[in-house]
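See structure below.
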Amino acid sequence: MDEKDLGSDLAKVLIPEDRLQAKVRELAAQIDADYAGKDLLLVGVLKGAAMVMADLARALHSPARMDWMAVSSYGSGTKSSGVVRILKDLDTDISGRNVLIVEDIIDSGLTLSWLASNLRSRGPASLEICALLRKPEAVRTEIDCRYLGFDIPNEFVVGYGLDYDEKYRNLPFVGTLAPHVYGGTAG
Ligand code: XMP
Ligand code: MG
């Protein structure tokens, strides 16, 4: 899919493909340096982090393990409540491992703070967070995101893993939706 084929559903391209790819390579270089000589386990959060996880993992020079979790946060509409349910747990015992959570986006931060404390309780050697995107509301949480791609405005974004009603995950860029798609109110 091409940036020129926006169709009428997307309002604009917020982060084009080349900037995403350059940032992911930059994050991978930092991670390579920080984990040199150590075993690394990447934990991707399904489904939104699928794209950033795949590209980040391939951009790393050192071998890493990969595992996945799927969580759903209960809440009304598009707001997360912080009450999180595990839909798919890790296959890996993370005790004693260097774990890096790979997330698509931090909004309120409630999902990630629950996930981090859940994984921390399993006794990893270390636990850090890599998030591709962060919205302004996240400043109110105490999430220590060591590897961050982009701070973005408080708009609903899709593409590069992120969906609206399960659509648009396959776009190679991050864009904002036209108001007619979501009924005019962003979440
Ligand atoms: P919290 O508020 O717990 O929520 O940090 C994070 C999760 O909310 C979803 N989310 C979005 N998904 N476009 C999306 O496709 C967005 O703009 C957006 N904002 C939040 C996402 O699942 C994320 O993991
Ligand atoms: Mg997500």
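All residue names refer to the structure tokens as shown: chains lettered A, B, ... in order, residues numbered from 1 in each chain, ligands numbered from 1 in order.
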List every residue of segment 9-65 of chain A that has an atom at most 6 Å from any atom of segment 168-186 of chain A, giving for each one its closest atom pair and the distance in Å to one decimal, counting only C-alpha atoms, sorted by chain and then by ascending residue number, as a tab-separated table.
residue	atom	partner	partner_atom	distance
A:Asp9	CA	A:Ala178	CA	5.4
A:Leu10	CA	A:Leu177	CA	4.3
A:Ala11	CA	A:Ala178	CA	4.4
A:Lys12	CA	A:Gly175	CA	5.5
A:Val13	CA	A:Gly175	CA	4.2
A:Leu14	CA	A:Gly175	CA	4.8
A:Ile15	CA	A:Val174	CA	5.1
A:Pro16	CA	A:Phe173	CA	4.9
A:Glu17	CA	A:Phe173	CA	4.6
Subject >> Shell of 8 Å around ligand 2 (only C-alpha atoms and all ligand atoms), written as a PyMOL selection string >> reply: chain A and resi 45-49+103-105+162
Output N, CA and C atoms of each residue in that selection to a file, as an mmCIF file, in the first residue's frame.
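Final file, selection_15.cif:
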data_model
loop_
_atom_site.group_PDB
_atom_site.id
_atom_site.type_symbol
_atom_site.label_atom_id
_atom_site.label_comp_id
_atom_site.auth_asym_id
_atom_site.auth_seq_id
_atom_site.Cartn_x
_atom_site.Cartn_y
_atom_site.Cartn_z
ATOM 1 N N VAL A 45 3.627 -7.072 22.227
ATOM 2 C CA VAL A 45 2.241 -7.047 22.700
ATOM 3 C C VAL A 45 1.317 -7.043 21.487
ATOM 4 N N LEU A 46 0.604 -8.153 21.334
ATOM 5 C CA LEU A 46 -0.297 -8.334 20.190
ATOM 6 C C LEU A 46 -1.547 -7.473 20.330
ATOM 7 N N LYS A 47 -2.175 -7.036 19.213
ATOM 8 C CA LYS A 47 -1.638 -7.251 17.896
ATOM 9 C C LYS A 47 -0.856 -6.032 17.411
ATOM 10 N N GLY A 48 -1.056 -4.919 18.092
ATOM 11 C CA GLY A 48 -0.542 -3.642 17.597
ATOM 12 C C GLY A 48 0.959 -3.585 17.390
ATOM 13 N N ALA A 49 1.713 -4.339 18.202
ATOM 14 C CA ALA A 49 3.174 -4.237 18.140
ATOM 15 C C ALA A 49 3.788 -5.178 17.101
ATOM 16 N N GLU A 103 5.956 -2.336 22.547
ATOM 17 C CA GLU A 103 4.564 -1.889 22.456
ATOM 18 C C GLU A 103 4.382 -0.933 21.280
ATOM 19 N N ASP A 104 3.167 -0.875 20.772
ATOM 20 C CA ASP A 104 2.891 0.064 19.687
ATOM 21 C C ASP A 104 2.750 1.487 20.200
ATOM 22 N N ILE A 105 1.929 1.672 21.235
ATOM 23 C CA ILE A 105 1.578 3.036 21.630
ATOM 24 C C ILE A 105 1.260 3.107 23.124
ATOM 25 N N LEU A 162 -1.271 -0.523 14.046
ATOM 26 C CA LEU A 162 -2.412 0.058 14.766
ATOM 27 C C LEU A 162 -3.669 0.011 13.909
#
Original post:
Leaving out Ala131 of chain A and any residue of its chain fewer than 6 positions from it, which residues lie within 12 Å of it when counting only C-alpha atoms, given as a PyMOL selection string?
Top reply: chain A and resi 23-24+27+43-45+48-53+56+100-107+109+112+138+143-152
**OP:** Please provide the set of residues having any atom within 12 Å of segment 120-123 of chain A, restricted to only C-alpha atoms, with same-chain residues fewer than 5 positions apart removed, written as a ChimeraX atom specification.
**Re:** /A:90,92-101,112-115,128-129
For the residues selected in the previous step, produce a file with N, CA and C atoms as a PDB file, in the first residue's frame.
ATOM      1  N   LEU A  90       2.779 -15.493  27.844  1.00  0.00           N
ATOM      2  CA  LEU A  90       4.074 -15.874  27.275  1.00  0.00           C
ATOM      3  C   LEU A  90       4.240 -17.389  27.267  1.00  0.00           C
ATOM      4  N   THR A  92       7.350 -18.359  27.411  1.00  0.00           N
ATOM      5  CA  THR A  92       8.685 -18.369  28.014  1.00  0.00           C
ATOM      6  C   THR A  92       8.616 -18.087  29.504  1.00  0.00           C
ATOM      7  N   ASP A  93       9.418 -18.824  30.274  1.00  0.00           N
ATOM      8  CA  ASP A  93       9.633 -18.478  31.681  1.00  0.00           C
ATOM      9  C   ASP A  93      10.668 -17.349  31.701  1.00  0.00           C
ATOM     10  N   ILE A  94      10.268 -16.173  32.164  1.00  0.00           N
ATOM     11  CA  ILE A  94      11.159 -15.013  32.043  1.00  0.00           C
ATOM     12  C   ILE A  94      12.044 -14.803  33.264  1.00  0.00           C
ATOM     13  N   SER A  95      11.954 -15.691  34.247  1.00  0.00           N
ATOM     14  CA  SER A  95      12.763 -15.447  35.438  1.00  0.00           C
ATOM     15  C   SER A  95      14.243 -15.511  35.070  1.00  0.00           C
ATOM     16  N   GLY A  96      14.977 -14.497  35.498  1.00  0.00           N
ATOM     17  CA  GLY A  96      16.400 -14.409  35.201  1.00  0.00           C
ATOM     18  C   GLY A  96      16.723 -13.901  33.809  1.00  0.00           C
ATOM     19  N   ARG A  97      15.729 -13.575  33.017  1.00  0.00           N
ATOM     20  CA  ARG A  97      15.990 -13.094  31.649  1.00  0.00           C
ATOM     21  C   ARG A  97      15.931 -11.573  31.564  1.00  0.00           C
ATOM     22  N   ASN A  98      16.621 -11.037  30.548  1.00  0.00           N
ATOM     23  CA  ASN A  98      16.543  -9.614  30.256  1.00  0.00           C
ATOM     24  C   ASN A  98      15.396  -9.398  29.285  1.00  0.00           C
ATOM     25  N   VAL A  99      14.324  -8.814  29.812  1.00  0.00           N
ATOM     26  CA  VAL A  99      13.081  -8.696  29.050  1.00  0.00           C
ATOM     27  C   VAL A  99      12.910  -7.265  28.542  1.00  0.00           C
ATOM     28  N   LEU A 100      12.566  -7.156  27.276  1.00  0.00           N
ATOM     29  CA  LEU A 100      12.228  -5.851  26.701  1.00  0.00           C
ATOM     30  C   LEU A 100      10.817  -5.947  26.109  1.00  0.00           C
ATOM     31  N   ILE A 101       9.885  -5.224  26.741  1.00  0.00           N
ATOM     32  CA  ILE A 101       8.510  -5.180  26.228  1.00  0.00           C
ATOM     33  C   ILE A 101       8.476  -4.261  25.002  1.00  0.00           C
ATOM     34  N   LEU A 112       0.173  -0.648  29.921  1.00  0.00           N
ATOM     35  CA  LEU A 112       1.593  -0.960  30.031  1.00  0.00           C
ATOM     36  C   LEU A 112       2.053  -1.004  31.488  1.00  0.00           C
ATOM     37  N   SER A 113       1.487  -0.162  32.335  1.00  0.00           N
ATOM     38  CA  SER A 113       1.949  -0.193  33.720  1.00  0.00           C
ATOM     39  C   SER A 113       1.470  -1.479  34.398  1.00  0.00           C
ATOM     40  N   TRP A 114       0.276  -1.956  34.011  1.00  0.00           N
ATOM     41  CA  TRP A 114      -0.189  -3.243  34.532  1.00  0.00           C
ATOM     42  C   TRP A 114       0.718  -4.373  34.024  1.00  0.00           C
ATOM     43  N   LEU A 115       1.008  -4.318  32.732  1.00  0.00           N
ATOM     44  CA  LEU A 115       1.817  -5.373  32.116  1.00  0.00           C
ATOM     45  C   LEU A 115       3.226  -5.410  32.721  1.00  0.00           C
ATOM     46  N   GLU A 128      12.628  -3.696  30.633  1.00  0.00           N
ATOM     47  CA  GLU A 128      12.569  -2.354  30.051  1.00  0.00           C
ATOM     48  C   GLU A 128      11.444  -2.310  29.025  1.00  0.00           C
ATOM     49  N   ILE A 129      11.117  -1.084  28.619  1.00  0.00           N
ATOM     50  CA  ILE A 129      10.014  -0.882  27.690  1.00  0.00           C
ATOM     51  C   ILE A 129      10.489  -0.133  26.446  1.00  0.00           C
TER      52      ILE A 129
END
Original post:
Which of these, A:Leu20, A:Glu166, A:Glu137, A:Gly82, has the shortest distance to Pro153 of chain A once you count only C-alpha atoms?
Top reply: A:Glu137
**OP:** Please return as a PyMOL selection string: the residues of segment 7-181 of chain A that backbone DSSP assigns to alpha helix (DSSP H).
**Re:** chain A and resi 17-34+50-59+110-120+179-181
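The space separating atom CA of Ile86 of chain A from atom CA of Met69 of chain A comes to 7.6 Å.
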**OP:** Tell me which of A:Ser62, A:Ser117, A:Ser73, A:Gln30 sits closest to ligand 1, counting only C-alpha atoms and all ligand atoms.
**Re:**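 Nearest to ligand 1: A:Ser73.
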Subject >> DSSP strand (DSSP E or B) residues within segment 16-113 of chain A, as a PyMOL selection string >> reply: chain A and resi 40-46+65-74+83-88+98-106
Write the selection just made, keeping N, CA and C atoms, as an mmCIF file, in the first residue's frame?
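part.cif, written as the output of this step:
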data_model
loop_
_atom_site.group_PDB
_atom_site.id
_atom_site.type_symbol
_atom_site.label_atom_id
_atom_site.label_comp_id
_atom_site.auth_asym_id
_atom_site.auth_seq_id
_atom_site.Cartn_x
_atom_site.Cartn_y
_atom_site.Cartn_z
ATOM 1 N N LEU A 40 18.775 -11.454 25.336
ATOM 2 C CA LEU A 40 17.639 -10.536 25.309
ATOM 3 C C LEU A 40 16.381 -11.281 24.878
ATOM 4 N N LEU A 41 15.304 -11.034 25.620
ATOM 5 C CA LEU A 41 13.997 -11.571 25.232
ATOM 6 C C LEU A 41 13.064 -10.410 24.897
ATOM 7 N N LEU A 42 12.666 -10.345 23.628
ATOM 8 C CA LEU A 42 11.700 -9.333 23.209
ATOM 9 C C LEU A 42 10.296 -9.868 23.448
ATOM 10 N N VAL A 43 9.472 -9.076 24.114
ATOM 11 C CA VAL A 43 8.084 -9.466 24.343
ATOM 12 C C VAL A 43 7.179 -8.493 23.591
ATOM 13 N N GLY A 44 6.610 -8.960 22.491
ATOM 14 C CA GLY A 44 5.720 -8.127 21.688
ATOM 15 C C GLY A 44 4.298 -8.217 22.210
ATOM 16 N N VAL A 45 3.627 -7.072 22.227
ATOM 17 C CA VAL A 45 2.241 -7.047 22.700
ATOM 18 C C VAL A 45 1.317 -7.043 21.487
ATOM 19 N N LEU A 46 0.604 -8.153 21.334
ATOM 20 C CA LEU A 46 -0.297 -8.334 20.190
ATOM 21 C C LEU A 46 -1.547 -7.473 20.330
ATOM 22 N N ARG A 65 15.674 -13.621 21.633
ATOM 23 C CA ARG A 65 14.469 -14.449 21.653
ATOM 24 C C ARG A 65 13.262 -13.544 21.444
ATOM 25 N N MET A 66 12.204 -14.127 20.916
ATOM 26 C CA MET A 66 10.960 -13.363 20.730
ATOM 27 C C MET A 66 9.790 -14.133 21.312
ATOM 28 N N ASP A 67 8.954 -13.453 22.063
ATOM 29 C CA ASP A 67 7.726 -14.064 22.561
ATOM 30 C C ASP A 67 6.622 -13.007 22.491
ATOM 31 N N TRP A 68 5.406 -13.444 22.683
ATOM 32 C CA TRP A 68 4.246 -12.556 22.472
ATOM 33 C C TRP A 68 3.254 -12.686 23.605
ATOM 34 N N MET A 69 2.616 -11.581 23.907
ATOM 35 C CA MET A 69 1.487 -11.589 24.836
ATOM 36 C C MET A 69 0.330 -10.869 24.166
ATOM 37 N N ALA A 70 -0.861 -11.278 24.518
ATOM 38 C CA ALA A 70 -2.035 -10.517 24.087
ATOM 39 C C ALA A 70 -2.828 -10.169 25.332
ATOM 40 N N VAL A 71 -3.159 -8.905 25.469
ATOM 41 C CA VAL A 71 -3.934 -8.454 26.617
ATOM 42 C C VAL A 71 -5.117 -7.624 26.128
ATOM 43 N N SER A 72 -6.145 -7.588 26.939
ATOM 44 C CA SER A 72 -7.227 -6.667 26.599
ATOM 45 C C SER A 72 -7.530 -5.859 27.842
ATOM 46 N N SER A 73 -7.679 -4.552 27.656
ATOM 47 C CA SER A 73 -8.037 -3.786 28.842
ATOM 48 C C SER A 73 -9.511 -3.468 28.799
ATOM 49 N N TYR A 74 -10.163 -3.812 29.895
ATOM 50 C CA TYR A 74 -11.581 -3.498 30.028
ATOM 51 C C TYR A 74 -11.731 -2.004 30.116
ATOM 52 N N VAL A 83 -7.813 -2.153 34.060
ATOM 53 C CA VAL A 83 -8.127 -3.537 34.419
ATOM 54 C C VAL A 83 -7.835 -4.385 33.197
ATOM 55 N N VAL A 84 -6.814 -5.209 33.326
ATOM 56 C CA VAL A 84 -6.293 -5.895 32.151
ATOM 57 C C VAL A 84 -6.496 -7.399 32.281
ATOM 58 N N ARG A 85 -6.825 -8.015 31.178
ATOM 59 C CA ARG A 85 -7.009 -9.467 31.131
ATOM 60 C C ARG A 85 -5.986 -10.027 30.156
ATOM 61 N N ILE A 86 -5.356 -11.127 30.542
ATOM 62 C CA ILE A 86 -4.398 -11.770 29.639
ATOM 63 C C ILE A 86 -5.159 -12.698 28.695
ATOM 64 N N LEU A 87 -5.060 -12.423 27.397
ATOM 65 C CA LEU A 87 -5.708 -13.278 26.399
ATOM 66 C C LEU A 87 -4.761 -14.368 25.931
ATOM 67 N N LYS A 88 -3.473 -14.016 25.867
ATOM 68 C CA LYS A 88 -2.445 -14.998 25.520
ATOM 69 C C LYS A 88 -1.220 -14.683 26.355
ATOM 70 N N ASN A 98 16.621 -11.037 30.548
ATOM 71 C CA ASN A 98 16.543 -9.614 30.256
ATOM 72 C C ASN A 98 15.396 -9.398 29.285
ATOM 73 N N VAL A 99 14.324 -8.814 29.812
ATOM 74 C CA VAL A 99 13.081 -8.696 29.050
ATOM 75 C C VAL A 99 12.910 -7.265 28.542
ATOM 76 N N LEU A 100 12.566 -7.156 27.276
ATOM 77 C CA LEU A 100 12.228 -5.851 26.701
ATOM 78 C C LEU A 100 10.817 -5.947 26.109
ATOM 79 N N ILE A 101 9.885 -5.224 26.741
ATOM 80 C CA ILE A 101 8.510 -5.180 26.228
ATOM 81 C C ILE A 101 8.476 -4.261 25.002
ATOM 82 N N VAL A 102 7.882 -4.742 23.914
ATOM 83 C CA VAL A 102 7.765 -3.933 22.700
ATOM 84 C C VAL A 102 6.284 -3.623 22.473
ATOM 85 N N GLU A 103 5.956 -2.336 22.547
ATOM 86 C CA GLU A 103 4.564 -1.889 22.456
ATOM 87 C C GLU A 103 4.382 -0.933 21.280
ATOM 88 N N ASP A 104 3.167 -0.875 20.772
ATOM 89 C CA ASP A 104 2.891 0.064 19.687
ATOM 90 C C ASP A 104 2.750 1.487 20.200
ATOM 91 N N ILE A 105 1.929 1.672 21.235
ATOM 92 C CA ILE A 105 1.578 3.036 21.630
ATOM 93 C C ILE A 105 1.260 3.107 23.124
ATOM 94 N N ILE A 106 1.700 4.175 23.749
ATOM 95 C CA ILE A 106 1.320 4.451 25.136
ATOM 96 C C ILE A 106 0.339 5.616 25.110
#
**OP:** Using atom CA of Leu110 of chain A and atom 5 (O, counted along the ligand's line) of ligand 1 as the two end points, give the distance in Å to one decimal.
**Re:**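 Straight-line distance from atom CA of Leu110 of chain A to atom 5 (O, counted along the ligand's line) of ligand 1 works out to 5.0 Å.
Using only C-alpha atoms and all ligand atoms, the nearest neighbour of ligand 1 within the list A:Thr111, A:Asn154, A:Ala29, A:Asn118 is A:Thr111.
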**OP:** Using only C-alpha atoms and all ligand atoms, pick whichever of A:Gly37, A:Gly161, A:Pro124, A:Pro63 has the shortest atom-to-atom distance to ligand 1.
**Re:**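 The closest residue to ligand 1 is A:Gly161.
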Original post:
Using only C-alpha atoms and all ligand atoms, which of the listed residues (A:Ser108, A:Val139, A:Asp55, A:Leu119) sits closest to ligand 1?
Top reply: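 Closest to ligand 1, using only C-alpha atoms and all ligand atoms: A:Ser108.
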